[in-house]
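Trainee: Take a look at work.pdb, PDB, C-alpha atoms:
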MODEL        1
ATOM      1  CA  MET H   1     105.993 114.140 162.287
ATOM      2  CA  THR H   2     104.479 111.920 159.597
ATOM      3  CA  ARG H   3     105.658 108.310 159.803
ATOM      4  CA  VAL H   4     106.149 106.510 156.489
ATOM      5  CA  ALA H   5     107.200 102.949 155.678
ATOM      6  CA  VAL H   6     108.798 102.298 152.292
ATOM      7  CA  PHE H   7     108.841  98.634 151.296
ATOM      8  CA  GLY H   8     111.575  98.136 148.724
ATOM      9  CA  ALA H   9     115.092  99.586 148.804
ATOM     10  CA  GLY H  10     115.846  99.550 145.098
ATOM     11  CA  SER H  11     116.605 102.682 143.116
ATOM     12  CA  TRP H  12     113.138 104.228 143.186
ATOM     13  CA  GLY H  13     112.312 103.132 146.726
ATOM     14  CA  THR H  14     115.543 104.665 147.994
ATOM     15  CA  ALA H  15     115.034 107.875 146.029
ATOM     16  CA  PHE H  16     111.434 108.209 147.224
ATOM     17  CA  ALA H  17     112.531 107.635 150.824
ATOM     18  CA  MET H  18     114.896 110.579 150.329
ATOM     19  CA  ILE H  19     112.043 112.729 149.006
ATOM     20  CA  LEU H  20     109.835 111.881 151.983
ATOM     21  CA  ALA H  21     112.601 112.642 154.476
ATOM     22  CA  ASP H  22     113.416 115.919 152.724
ATOM     23  CA  ALA H  23     109.710 116.781 153.039
ATOM     24  CA  GLY H  24     109.934 116.292 156.820
ATOM     25  CA  CYS H  25     108.737 112.700 157.226
ATOM     26  CA  ASP H  26     110.217 110.022 159.489
ATOM     27  CA  VAL H  27     110.954 107.148 157.089
ATOM     28  CA  THR H  28     111.737 103.485 157.632
ATOM     29  CA  LEU H  29     113.021 101.786 154.507
ATOM     30  CA  TRP H  30     112.469  98.028 154.405
ATOM     31  CA  ALA H  31     115.036  95.978 152.498
ATOM     32  CA  ARG H  32     115.232  92.240 151.996
ATOM     33  CA  ARG H  33     119.041  92.070 152.175
ATOM     34  CA  PRO H  34     120.731  92.589 155.585
ATOM     35  CA  ASP H  35     123.870  93.986 153.938
ATOM     36  CA  VAL H  36     121.849  96.752 152.283
ATOM     37  CA  VAL H  37     120.234  97.651 155.624
ATOM     38  CA  GLU H  38     123.572  97.659 157.434
ATOM     39  CA  THR H  39     125.154  99.889 154.795
ATOM     40  CA  ILE H  40     122.270 102.376 154.817
ATOM     41  CA  ASN H  41     122.255 102.651 158.598
ATOM     42  CA  ALA H  42     126.030 102.847 158.907
ATOM     43  CA  THR H  43     126.894 105.110 155.970
ATOM     44  CA  ARG H  44     123.557 106.679 154.886
ATOM     45  CA  THR H  45     124.197 105.327 151.376
ATOM     46  CA  ASN H  46     122.807 102.563 149.158
ATOM     47  CA  PRO H  47     125.680 102.076 146.710
ATOM     48  CA  ASP H  48     124.220  98.978 145.050
ATOM     49  CA  TYR H  49     121.330 101.027 143.689
ATOM     50  CA  LEU H  50     122.101 104.747 143.930
ATOM     51  CA  PRO H  51     125.838 105.260 144.342
ATOM     52  CA  GLY H  52     126.752 108.763 145.405
ATOM     53  CA  LEU H  53     123.466 109.537 147.167
ATOM     54  CA  GLU H  54     123.725 110.454 150.843
ATOM     55  CA  LEU H  55     120.394 109.804 152.498
ATOM     56  CA  PRO H  56     118.924 112.325 154.965
ATOM     57  CA  GLU H  57     118.950 111.652 158.691
ATOM     58  CA  GLY H  58     115.203 111.024 158.549
ATOM     59  CA  VAL H  59     115.738 107.667 156.795
ATOM     60  CA  ARG H  60     116.605 104.457 158.599
ATOM     61  CA  ALA H  61     116.507 100.911 157.258
ATOM     62  CA  SER H  62     115.265  97.577 158.552
ATOM     63  CA  THR H  63     114.836  93.979 157.388
ATOM     64  CA  ASP H  64     111.898  93.560 159.791
ATOM     65  CA  PRO H  65     108.609  94.381 158.013
ATOM     66  CA  GLU H  66     106.748  94.699 161.312
ATOM     67  CA  GLU H  67     109.239  97.270 162.562
ATOM     68  CA  ALA H  68     109.069  99.167 159.278
ATOM     69  CA  ALA H  69     105.269  99.267 159.300
ATOM     70  CA  ARG H  70     104.814 100.284 162.933
ATOM     71  CA  GLY H  71     102.831 103.521 163.203
ATOM     72  CA  ALA H  72     103.067 104.295 159.480
ATOM     73  CA  GLU H  73     100.540 106.829 158.210
ATOM     74  CA  PHE H  74     101.601 105.916 154.663
ATOM     75  CA  THR H  75     102.927 102.554 153.498
ATOM     76  CA  VAL H  76     104.764 102.872 150.210
ATOM     77  CA  LEU H  77     105.107  99.751 148.073
ATOM     78  CA  THR H  78     107.891  99.659 145.501
ATOM     79  CA  VAL H  79     108.695  96.078 144.554
ATOM     80  CA  PRO H  80     108.583  94.448 141.093
ATOM     81  CA  SER H  81     104.945  94.380 140.026
ATOM     82  CA  GLN H  82     104.885  90.614 139.490
ATOM     83  CA  THR H  83     106.006  89.958 143.078
ATOM     84  CA  LEU H  84     103.595  92.394 144.737
ATOM     85  CA  ARG H  85     100.858  89.876 145.482
ATOM     86  CA  ALA H  86     103.127  87.431 147.310
ATOM     87  CA  ASN H  87     105.004  90.157 149.183
ATOM     88  CA  LEU H  88     101.911  92.030 150.280
ATOM     89  CA  ALA H  89     100.227  88.837 151.484
ATOM     90  CA  GLU H  90     103.105  88.519 153.952
ATOM     91  CA  TRP H  91     103.120  92.177 154.983
ATOM     92  CA  ALA H  92      99.384  92.972 155.112
ATOM     93  CA  PRO H  93      98.722  91.542 158.608
ATOM     94  CA  LEU H  94     101.508  93.774 159.980
ATOM     95  CA  LEU H  95     100.218  97.059 158.580
ATOM     96  CA  PRO H  96      98.298  99.641 160.635
ATOM     97  CA  ALA H  97      94.572  99.431 159.959
ATOM     98  CA  ASP H  98      94.340 103.034 158.784
ATOM     99  CA  THR H  99      97.569 103.306 156.806
ATOM    100  CA  VAL H 100      97.316 104.649 153.263
ATOM    101  CA  LEU H 101      98.802 102.133 150.826
ATOM    102  CA  VAL H 102     100.842 103.885 148.136
ATOM    103  CA  SER H 103     101.908 102.193 144.913
ATOM    104  CA  LEU H 104     105.052 103.330 143.098
ATOM    105  CA  MET H 105     104.841 100.339 140.749
ATOM    106  CA  LYS H 106     104.127 100.604 137.033
ATOM    107  CA  GLY H 107     102.879  97.283 135.797
ATOM    108  CA  VAL H 108      99.911  94.997 135.201
ATOM    109  CA  GLU H 109      99.770  91.594 136.887
ATOM    110  CA  LEU H 110     100.277  88.571 134.681
ATOM    111  CA  GLY H 111      97.338  86.182 134.627
ATOM    112  CA  THR H 112      94.788  88.474 136.278
ATOM    113  CA  ALA H 113      95.525  91.590 134.157
ATOM    114  CA  LYS H 114      94.937  93.638 137.317
ATOM    115  CA  ARG H 115      96.432  97.039 137.966
ATOM    116  CA  MET H 116      98.640  97.368 141.023
ATOM    117  CA  SER H 117      96.026  99.279 143.020
ATOM    118  CA  GLU H 118      93.548  96.466 142.361
ATOM    119  CA  VAL H 119      96.041  93.892 143.647
ATOM    120  CA  ILE H 120      96.619  96.025 146.749
ATOM    121  CA  GLU H 121      92.899  96.385 147.415
ATOM    122  CA  GLU H 122      92.368  92.651 147.025
ATOM    123  CA  VAL H 123      95.315  91.384 149.060
ATOM    124  CA  ALA H 124      95.256  94.001 151.819
ATOM    125  CA  LYS H 125      91.451  94.107 151.866
ATOM    126  CA  ALA H 126      91.683  97.885 151.686
ATOM    127  CA  PRO H 127      89.021 100.211 150.256
ATOM    128  CA  ALA H 128      89.962 102.127 147.108
ATOM    129  CA  GLU H 129      89.833 105.363 149.117
ATOM    130  CA  ARG H 130      92.839 104.147 151.119
ATOM    131  CA  VAL H 131      94.982 103.221 148.088
ATOM    132  CA  ALA H 132      97.036 105.830 146.241
ATOM    133  CA  VAL H 133      99.448 105.918 143.302
ATOM    134  CA  VAL H 134     102.510 108.081 142.670
ATOM    135  CA  THR H 135     103.540 108.272 139.023
ATOM    136  CA  GLY H 136     105.020 110.538 136.368
ATOM    137  CA  PRO H 137     108.411 111.267 134.773
ATOM    138  CA  ASN H 138     110.520 110.256 137.758
ATOM    139  CA  LEU H 139     113.828 108.677 136.742
ATOM    140  CA  ALA H 140     115.414 107.650 140.033
ATOM    141  CA  GLY H 141     118.932 108.690 139.095
ATOM    142  CA  GLU H 142     117.874 112.286 138.444
ATOM    143  CA  ILE H 143     115.683 112.398 141.546
ATOM    144  CA  ALA H 144     118.674 111.246 143.608
ATOM    145  CA  ASP H 145     120.549 114.314 142.380
ATOM    146  CA  ARG H 146     117.556 116.413 143.479
ATOM    147  CA  MET H 147     116.968 117.685 139.960
ATOM    148  CA  PRO H 148     113.562 119.410 139.601
ATOM    149  CA  ALA H 149     110.757 116.992 138.763
ATOM    150  CA  ALA H 150     106.978 116.814 138.900
ATOM    151  CA  ALA H 151     104.686 113.889 139.605
ATOM    152  CA  VAL H 152     101.055 112.902 140.041
ATOM    153  CA  VAL H 153      99.582 111.664 143.322
ATOM    154  CA  ALA H 154      96.358 109.845 142.524
ATOM    155  CA  CYS H 155      93.646 108.555 144.840
ATOM    156  CA  ARG H 156      89.886 108.265 144.526
ATOM    157  CA  ASP H 157      89.661 110.225 147.771
ATOM    158  CA  GLU H 158      91.011 113.685 146.967
ATOM    159  CA  THR H 159      91.599 114.427 150.658
ATOM    160  CA  VAL H 160      93.954 111.444 150.878
ATOM    161  CA  ALA H 161      95.700 112.569 147.691
ATOM    162  CA  ARG H 162      96.281 116.021 149.210
ATOM    163  CA  ARG H 163      97.697 114.475 152.396
ATOM    164  CA  LEU H 164     100.145 112.414 150.387
ATOM    165  CA  GLN H 165     100.973 115.437 148.248
ATOM    166  CA  THR H 166     102.031 117.306 151.371
ATOM    167  CA  ALA H 167     104.077 114.347 152.607
ATOM    168  CA  CYS H 168     106.252 114.267 149.467
ATOM    169  CA  HIS H 169     106.381 117.926 148.381
ATOM    170  CA  THR H 170     109.914 119.355 148.398
ATOM    171  CA  PRO H 171     111.661 122.290 146.683
ATOM    172  CA  TYR H 172     112.755 119.917 143.881
ATOM    173  CA  TYR H 173     109.805 117.491 143.773
ATOM    174  CA  ARG H 174     106.401 118.931 142.868
ATOM    175  CA  PRO H 175     103.444 116.519 143.091
ATOM    176  CA  TYR H 176     100.019 117.298 141.613
ATOM    177  CA  THR H 177      96.825 115.552 142.743
ATOM    178  CA  ASN H 178      94.459 113.544 140.564
ATOM    179  CA  THR H 179      91.489 111.288 141.278
ATOM    180  CA  ASP H 180      91.847 109.239 138.063
ATOM    181  CA  VAL H 181      93.700 106.225 139.446
ATOM    182  CA  VAL H 182      92.871 104.060 136.418
ATOM    183  CA  GLY H 183      94.329 106.535 133.926
ATOM    184  CA  CYS H 184      97.417 107.236 136.013
ATOM    185  CA  GLU H 185      98.214 103.547 136.407
ATOM    186  CA  LEU H 186      97.656 102.745 132.743
ATOM    187  CA  GLY H 187      99.897 105.619 131.705
ATOM    188  CA  GLY H 188     102.685 104.259 133.885
ATOM    189  CA  ALA H 189     102.296 100.641 132.775
ATOM    190  CA  VAL H 190     101.923 101.122 129.035
ATOM    191  CA  LYS H 191     104.738 103.667 128.729
ATOM    192  CA  ASN H 192     107.152 100.884 129.731
ATOM    193  CA  VAL H 193     105.995  98.865 126.740
ATOM    194  CA  ILE H 194     106.349 101.825 124.396
ATOM    195  CA  GLY H 195     109.751 102.508 125.946
ATOM    196  CA  LEU H 196     110.806  99.029 124.861
ATOM    197  CA  ALA H 197     109.555  99.749 121.343
ATOM    198  CA  VAL H 198     111.474 103.030 121.111
ATOM    199  CA  GLY H 199     114.564 101.339 122.523
ATOM    200  CA  ILE H 200     114.313  98.631 119.873
ATOM    201  CA  ALA H 201     114.075 101.338 117.194
ATOM    202  CA  ASP H 202     117.174 103.015 118.639
ATOM    203  CA  GLY H 203     119.032  99.722 118.640
ATOM    204  CA  MET H 204     118.100  99.199 114.989
ATOM    205  CA  GLY H 205     119.560 102.589 114.138
ATOM    206  CA  LEU H 206     116.233 104.127 113.141
ATOM    207  CA  GLY H 207     115.704 107.868 113.312
ATOM    208  CA  ASP H 208     113.824 110.463 115.309
ATOM    209  CA  ASN H 209     110.812 110.309 113.003
ATOM    210  CA  THR H 210     110.397 106.634 113.861
ATOM    211  CA  LYS H 211     110.736 107.252 117.584
ATOM    212  CA  ALA H 212     108.339 110.206 117.552
ATOM    213  CA  SER H 213     105.809 108.105 115.634
ATOM    214  CA  LEU H 214     106.079 105.247 118.115
ATOM    215  CA  MET H 215     105.666 107.589 121.060
ATOM    216  CA  THR H 216     102.664 109.360 119.571
ATOM    217  CA  ARG H 217     100.883 106.241 118.397
ATOM    218  CA  GLY H 218     101.815 104.543 121.658
ATOM    219  CA  LEU H 219     100.077 107.316 123.546
ATOM    220  CA  ALA H 220      97.057 106.793 121.294
ATOM    221  CA  GLU H 221      97.025 103.102 122.242
ATOM    222  CA  THR H 222      97.210 103.996 125.926
ATOM    223  CA  THR H 223      94.361 106.479 125.592
ATOM    224  CA  ARG H 224      92.154 103.993 123.734
ATOM    225  CA  LEU H 225      92.626 101.438 126.491
ATOM    226  CA  GLY H 226      92.057 104.069 129.146
ATOM    227  CA  LEU H 227      88.793 105.215 127.599
ATOM    228  CA  ALA H 228      87.578 101.624 127.423
ATOM    229  CA  MET H 229      88.324 101.280 131.140
ATOM    230  CA  GLY H 230      86.659 104.521 132.196
ATOM    231  CA  ALA H 231      89.726 106.732 132.592
ATOM    232  CA  ASP H 232      89.731 110.488 132.030
ATOM    233  CA  PRO H 233      91.309 111.142 128.588
ATOM    234  CA  HIS H 234      92.933 114.334 129.914
ATOM    235  CA  THR H 235      95.128 112.212 132.199
ATOM    236  CA  PHE H 236      97.073 110.941 129.191
ATOM    237  CA  SER H 237      98.118 114.409 128.093
ATOM    238  CA  GLY H 238      99.534 115.122 131.547
ATOM    239  CA  LEU H 239     102.448 113.971 133.671
ATOM    240  CA  ALA H 240     101.136 110.435 134.171
ATOM    241  CA  GLY H 241     100.705 109.956 130.432
ATOM    242  CA  MET H 242     102.753 112.045 128.037
ATOM    243  CA  GLY H 243     105.224 113.192 130.685
ATOM    244  CA  ASP H 244     106.188 109.704 131.812
ATOM    245  CA  LEU H 245     106.232 108.453 128.225
ATOM    246  CA  ILE H 246     108.681 111.138 127.094
ATOM    247  CA  ALA H 247     111.080 110.461 129.967
ATOM    248  CA  THR H 248     111.035 106.692 129.475
ATOM    249  CA  CYS H 249     111.445 106.834 125.704
ATOM    250  CA  SER H 250     114.107 109.562 125.675
ATOM    251  CA  SER H 251     116.483 108.834 128.531
ATOM    252  CA  PRO H 252     119.416 106.413 128.716
ATOM    253  CA  LEU H 253     118.514 106.126 132.416
ATOM    254  CA  SER H 254     115.315 104.283 131.448
ATOM    255  CA  ARG H 255     115.610 100.547 132.072
ATOM    256  CA  ASN H 256     112.958  99.699 129.488
ATOM    257  CA  HIS H 257     114.541 101.863 126.795
ATOM    258  CA  THR H 258     117.958 100.310 127.483
ATOM    259  CA  PHE H 259     116.511  96.791 127.435
ATOM    260  CA  GLY H 260     114.828  97.497 124.088
ATOM    261  CA  THR H 261     118.013  98.961 122.642
ATOM    262  CA  ASN H 262     119.852  95.708 123.302
ATOM    263  CA  LEU H 263     117.083  93.733 121.606
ATOM    264  CA  GLY H 264     117.184  96.081 118.622
ATOM    265  CA  ARG H 265     120.926  95.504 118.309
ATOM    266  CA  GLY H 266     120.300  91.807 117.815
ATOM    267  CA  MET H 267     120.648  90.390 121.315
ATOM    268  CA  THR H 268     118.225  87.633 122.310
ATOM    269  CA  LEU H 269     115.902  87.961 125.280
ATOM    270  CA  LYS H 270     118.135  85.617 127.288
ATOM    271  CA  GLU H 271     121.260  87.594 126.402
ATOM    272  CA  THR H 272     119.607  90.896 127.228
ATOM    273  CA  MET H 273     118.364  89.645 130.586
ATOM    274  CA  ALA H 274     121.861  88.393 131.392
ATOM    275  CA  VAL H 275     123.329  91.885 131.056
ATOM    276  CA  THR H 276     120.402  93.615 132.814
ATOM    277  CA  SER H 277     120.826  93.914 136.571
ATOM    278  CA  ARG H 278     117.529  95.639 137.381
ATOM    279  CA  THR H 279     113.889  95.055 136.577
ATOM    280  CA  ALA H 280     112.548  96.412 133.304
ATOM    281  CA  GLU H 281     108.824  96.203 134.073
ATOM    282  CA  GLY H 282     107.721  96.311 130.439
ATOM    283  CA  VAL H 283     109.362  92.961 129.666
ATOM    284  CA  LYS H 284     106.725  91.037 131.592
ATOM    285  CA  SER H 285     103.978  93.642 131.626
ATOM    286  CA  CYS H 286     103.798  93.850 127.829
ATOM    287  CA  GLU H 287     102.025  90.475 127.913
ATOM    288  CA  SER H 288      99.603  91.500 130.650
ATOM    289  CA  VAL H 289      98.916  94.872 128.987
ATOM    290  CA  LEU H 290      98.069  93.060 125.752
ATOM    291  CA  ASP H 291      95.864  90.661 127.723
ATOM    292  CA  LEU H 292      94.097  93.630 129.309
ATOM    293  CA  ALA H 293      93.580  95.240 125.891
ATOM    294  CA  ARG H 294      92.079  92.071 124.435
ATOM    295  CA  ARG H 295      89.722  91.727 127.397
ATOM    296  CA  HIS H 296      88.423  95.207 126.591
ATOM    297  CA  GLY H 297      88.414  94.755 122.808
ATOM    298  CA  VAL H 298      91.084  97.438 122.252
ATOM    299  CA  ASP H 299      93.535  97.306 119.338
ATOM    300  CA  MET H 300      97.128  97.925 120.494
ATOM    301  CA  PRO H 301      99.417  97.073 117.550
ATOM    302  CA  ILE H 302     102.641  98.499 119.019
ATOM    303  CA  THR H 303     102.121  96.558 122.228
ATOM    304  CA  GLU H 304     101.421  93.418 120.195
ATOM    305  CA  THR H 305     104.605  93.990 118.199
ATOM    306  CA  VAL H 306     106.667  94.306 121.373
ATOM    307  CA  VAL H 307     105.215  91.043 122.695
ATOM    308  CA  ASP H 308     106.088  89.334 119.402
ATOM    309  CA  ILE H 309     109.694  90.527 119.601
ATOM    310  CA  VAL H 310     110.251  89.972 123.314
ATOM    311  CA  HIS H 311     108.360  86.736 123.889
ATOM    312  CA  ALA H 312     107.733  85.131 120.486
ATOM    313  CA  GLY H 313     111.254  85.665 119.161
ATOM    314  CA  LYS H 314     110.208  87.600 116.072
ATOM    315  CA  SER H 315     113.030  89.604 114.540
ATOM    316  CA  PRO H 316     112.698  93.372 115.029
ATOM    317  CA  LEU H 317     112.988  93.911 111.262
ATOM    318  CA  ASP H 318     110.164  91.491 110.442
ATOM    319  CA  ALA H 319     108.020  92.966 113.220
ATOM    320  CA  LEU H 320     108.637  96.473 111.892
ATOM    321  CA  LYS H 321     107.591  95.462 108.364
ATOM    322  CA  GLU H 322     104.359  93.973 109.687
ATOM    323  CA  LEU H 323     103.611  97.040 111.796
ATOM    324  CA  MET H 324     104.217  99.425 108.897
ATOM    325  CA  GLY H 325     102.233  97.197 106.533
ATOM    326  CA  ARG H 326      98.991  97.466 108.473
ATOM    327  CA  SER H 327      96.040  98.836 106.514
ATOM    328  CA  ALA H 328      95.721 102.630 106.382
ATOM    329  CA  LYS H 329      93.097 104.339 108.519
ATOM    330  CA  ALA H 330      92.065 107.690 109.951
ATOM    331  CA  GLU H 331      94.268 108.970 112.770
ATOM    332  CA  ARG H 332      91.534 109.273 115.380
ATOM    333  CA  ARG H 333      90.184 105.736 115.258
TER
ENDMDL
END
Would you encode the structure as structure tokens?
Mentor:
Amino acid sequence: MTRVAVFGAGSWGTAFAMILADAGCDVTLWARRPDVVETINATRTNPDYLPGLELPEGVRASTDPEEAARGAEFTVLTVPSQTLRANLAEWAPLLPADTVLVSLMKGVELGTAKRMSEVIEEVAKAPAERVAVVTGPNLAGEIADRMPAAAVVACRDETVARRLQTACHTPYYRPYTNTDVVGCELGGAVKNVIGLAVGIADGMGLGDNTKASLMTRGLAETTRLGLAMGADPHTFSGLAGMGDLIATCSSPLSRNHTFGTNLGRGMTLKETMAVTSRTAEGVKSCESVLDLARRHGVDMPITETVVDIVHAGKSPLDALKELMGRSAKAERR
């Protein structure tokens, strides 16, 4: 039986642990809080994050990272992207030397502008062939109800990607393999920023034309950045690009969309954060995505607009006027 460690017992970590157990894996779910671990082990539930979900027998929880990591063929990392470096520095010495490190995180590190797989490689001193990414339109609340969903499992080593595909393939969860790690990670990170933008538009009471335009032009921004970084452009028309973007921008279950909606309704960043109990990755990653774009000389006006609203305090209405007032150009430039 395949042993898997999942580090992070939030909504997505818990849901992915369920997927792995349903696929036949033996899963240890690491959680920081002892009360969460006790509840999972005693009741097979994690009500703070996914109320109503009964976890399979193949999942057990622990606060001990060494215990969680012991014998793990795959080590799944699902913590907020800005805390990954510090967390992994603590865990790395405890991990099996041959474990495959799997990122479920969708962000870009502030300061370094590094993708999550790059942070993992650096901190864990792991070769790229031993680092994988799972991404796509995977809203944890729907996954917990075992609604049909598809995903992308990406690794530079296709053999590793196929192994991970097998480890998380269930009747309701269908993973596809891909070797374009750069494109898959960018799709996941930038869609959070565009999700904020669409949420802001919703909060302002704007229509479907506006939202469709933001999604489409947001995908164009993502593709431009991806091409500059050597990604496969086809990735952005697939599950890791368009698929994830549609889910994030369309669903009330999306944290980034909900966060943006509150901003669009006139709440300040401080007020919105006060009523938000879970991490909306785009709030911090919008700055690092824009930093990454500037390092590669890529124009990303929607991302820049989101940064202006979220971090510079610009009013959504003024930001919208500036965005719409940009000079006209051909679509494919």
Trainee: Give one line per residue of stretch 173-210 of chain H that approaches stretch 69-83 of chain H to at most 12 Å, naming the two atoms of the closest pair and their distance in Å to one decimal, counting all atoms listed in the file; sort by chain then ascending residue number and deliver it as a tab-separated table.
Mentor:
residue	atom	partner	partner_atom	distance
H:Glu185	CA	H:Ser81	CA	11.9
H:Gly188	CA	H:Ser81	CA	11.8
H:Ala189	CA	H:Ser81	CA	9.9
Trainee: Identify all residues satisfying the PyMOL selection byres ((chain H and resi 214-229) around 6) in the given file; provide them as a list in words.
Mentor: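 Selected by the PyMOL selection byres ((chain H and resi 214-229) around 6) here: Gly183, Ile194, Lys211, Ala212, Ser213, Gly230, Ala231 and Met300 of chain H.
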Trainee: Which of these residues is nearest to H:Asp202, using only C-alpha atoms: H:Thr261, H:Thr159, H:Thr170, H:Thr235?
Mentor: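 The answer is H:Thr261, which sits nearest to H:Asp202.
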Trainee: Can you tell me, as AutoDock Vina command-line options, the centre and edge lengths (Å, one decimal) of the axis-aligned box enclosing all of stretch 86-97 of chain H's listed atoms after padding each side by 5 Å?
Mentor:
--center_x 99.8 --center_y 93.5 --center_z 154.0 --size_x 20.4 --size_y 22.2 --size_z 23.3
Trainee: The PyMOL selection byres ((chain H and resi 45-50) around 9) - which residues does that actually catch in the file I just gave you? List them as a PDB file with C-alpha atoms, keeping the file's coordinate frame.
Mentor:
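Wrote it out as out-v8.pdb, contents follow:
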ATOM      1  CA  ALA H   9     115.092  99.586 148.804  1.00  0.00           C
ATOM      2  CA  GLY H  10     115.846  99.550 145.098  1.00  0.00           C
ATOM      3  CA  SER H  11     116.605 102.682 143.116  1.00  0.00           C
ATOM      4  CA  TRP H  12     113.138 104.228 143.186  1.00  0.00           C
ATOM      5  CA  THR H  14     115.543 104.665 147.994  1.00  0.00           C
ATOM      6  CA  ALA H  15     115.034 107.875 146.029  1.00  0.00           C
ATOM      7  CA  VAL H  36     121.849  96.752 152.283  1.00  0.00           C
ATOM      8  CA  VAL H  37     120.234  97.651 155.624  1.00  0.00           C
ATOM      9  CA  THR H  39     125.154  99.889 154.795  1.00  0.00           C
ATOM     10  CA  ILE H  40     122.270 102.376 154.817  1.00  0.00           C
ATOM     11  CA  ASN H  41     122.255 102.651 158.598  1.00  0.00           C
ATOM     12  CA  ALA H  42     126.030 102.847 158.907  1.00  0.00           C
ATOM     13  CA  THR H  43     126.894 105.110 155.970  1.00  0.00           C
ATOM     14  CA  ARG H  44     123.557 106.679 154.886  1.00  0.00           C
ATOM     15  CA  PRO H  51     125.838 105.260 144.342  1.00  0.00           C
ATOM     16  CA  GLY H  52     126.752 108.763 145.405  1.00  0.00           C
ATOM     17  CA  LEU H  53     123.466 109.537 147.167  1.00  0.00           C
ATOM     18  CA  GLU H  54     123.725 110.454 150.843  1.00  0.00           C
ATOM     19  CA  LEU H  55     120.394 109.804 152.498  1.00  0.00           C
ATOM     20  CA  ALA H 140     115.414 107.650 140.033  1.00  0.00           C
ATOM     21  CA  GLY H 141     118.932 108.690 139.095  1.00  0.00           C
ATOM     22  CA  ALA H 144     118.674 111.246 143.608  1.00  0.00           C
TER      23      ALA H 144
END
Trainee: Calculated over only C-alpha atoms, which of the candidates H:Lys314, H:Arg278, H:Arg163, H:Arg294 has the smallest distance to H:Gly266?
Mentor: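 Ranked by minimum distance to H:Gly266, first place goes to H:Lys314.
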Trainee: For atom CA of H:Thr63 and atom CA of H:Trp91, determine how far apart the two atoms are, in Å to one decimal place.
Mentor: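 Those two atoms sit 12.1 Å apart.
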Trainee: The PyMOL selection byres ((chain H and resi 255) around 10) on the file shown: which residues, as a list in words?
Mentor: Leu139, Asn192, Gly195, Leu196, Gly199, Thr248, Cys249, Ser251, Pro252, Leu253, Ser254, Asn256, His257, Thr258, Phe259, Gly260, Thr261, Thr276, Ser277, Arg278, Thr279, Ala280, Glu281 and Gly282 of chain H
Trainee: Kindly indicate which residue among H:Ala86, H:Val181, H:Leu320, H:Cys25 lies nearest to H:Glu122, using all atoms listed in the file for the distances.
Mentor: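 Of all the options, H:Ala86 lies closest to H:Glu122.
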Trainee: Which residues come within 8 Å of H:Arg146, counting all atoms listed in the file, excluding same-chain residues fewer than 2 positions away, as a ChimeraX atom specification?
Mentor: /H:142-144,148,172-173
Trainee: For C-alpha atoms, I'd like the residues from the last selection saved as a PDB file, keeping the file's coordinate frame.
Mentor:
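Output below, filename out-v5.pdb:
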ATOM      1  CA  GLU H 142     117.874 112.286 138.444  1.00  0.00           C
ATOM      2  CA  ILE H 143     115.683 112.398 141.546  1.00  0.00           C
ATOM      3  CA  ALA H 144     118.674 111.246 143.608  1.00  0.00           C
ATOM      4  CA  PRO H 148     113.562 119.410 139.601  1.00  0.00           C
ATOM      5  CA  TYR H 172     112.755 119.917 143.881  1.00  0.00           C
ATOM      6  CA  TYR H 173     109.805 117.491 143.773  1.00  0.00           C
TER       7      TYR H 173
END
Trainee: What is the atom CA of H:Arg332 to atom CA of H:Thr112 distance in Å?
Mentor: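 Going from atom CA of H:Arg332 over to atom CA of H:Thr112 covers 29.7 Å.
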Trainee: I'd like the contact shell of H:Cys184 - 12 Å cut-off, all atoms listed in the file, skipping same-chain residues fewer than 3 positions apart - returned as an MDAnalysis selection string.
Mentor: chainID H and resid 103:107 115:117 132:137 151:156 176:181 187:191 222:223 226 229:245
Trainee: Provide the atom CA of H:Leu95 to atom CA of H:His169 distance in Å, to one decimal place.
Mentor: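 These two atoms are separated by 24.0 Å.
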Trainee: For a quick check of understanding, using all atoms listed in the file, which of H:Gly264, H:Gly58, H:Gly207, H:Pro127 has the smallest distance to H:Ser315?
Mentor: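 Using all atoms listed in the file, H:Ser315 sits closest to H:Gly264.
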Trainee: Return the single residue from H:Ala293, H:Val283, H:Ala126, H:Leu263 that is closest to H:Asp98, with distances computed using only C-alpha atoms.
Mentor: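 Looking at the shortest contact to H:Asp98, the residue is H:Ala126.
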Trainee: Which is closer to H:Ala149 than all the others in H:Cys168, H:Ile302, H:Ala21, H:Val182, using all atoms listed in the file?
Mentor: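 Closest candidate: H:Cys168.
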Trainee: Excluding same-chain residues fewer than 5 positions from H:Trp30, what lies within 8 Å of it counting all atoms listed in the file, as JSON, numbers by chain?
Mentor: {"H": [5, 6, 7, 8, 9, 37, 61, 62, 63, 64, 65, 68]}
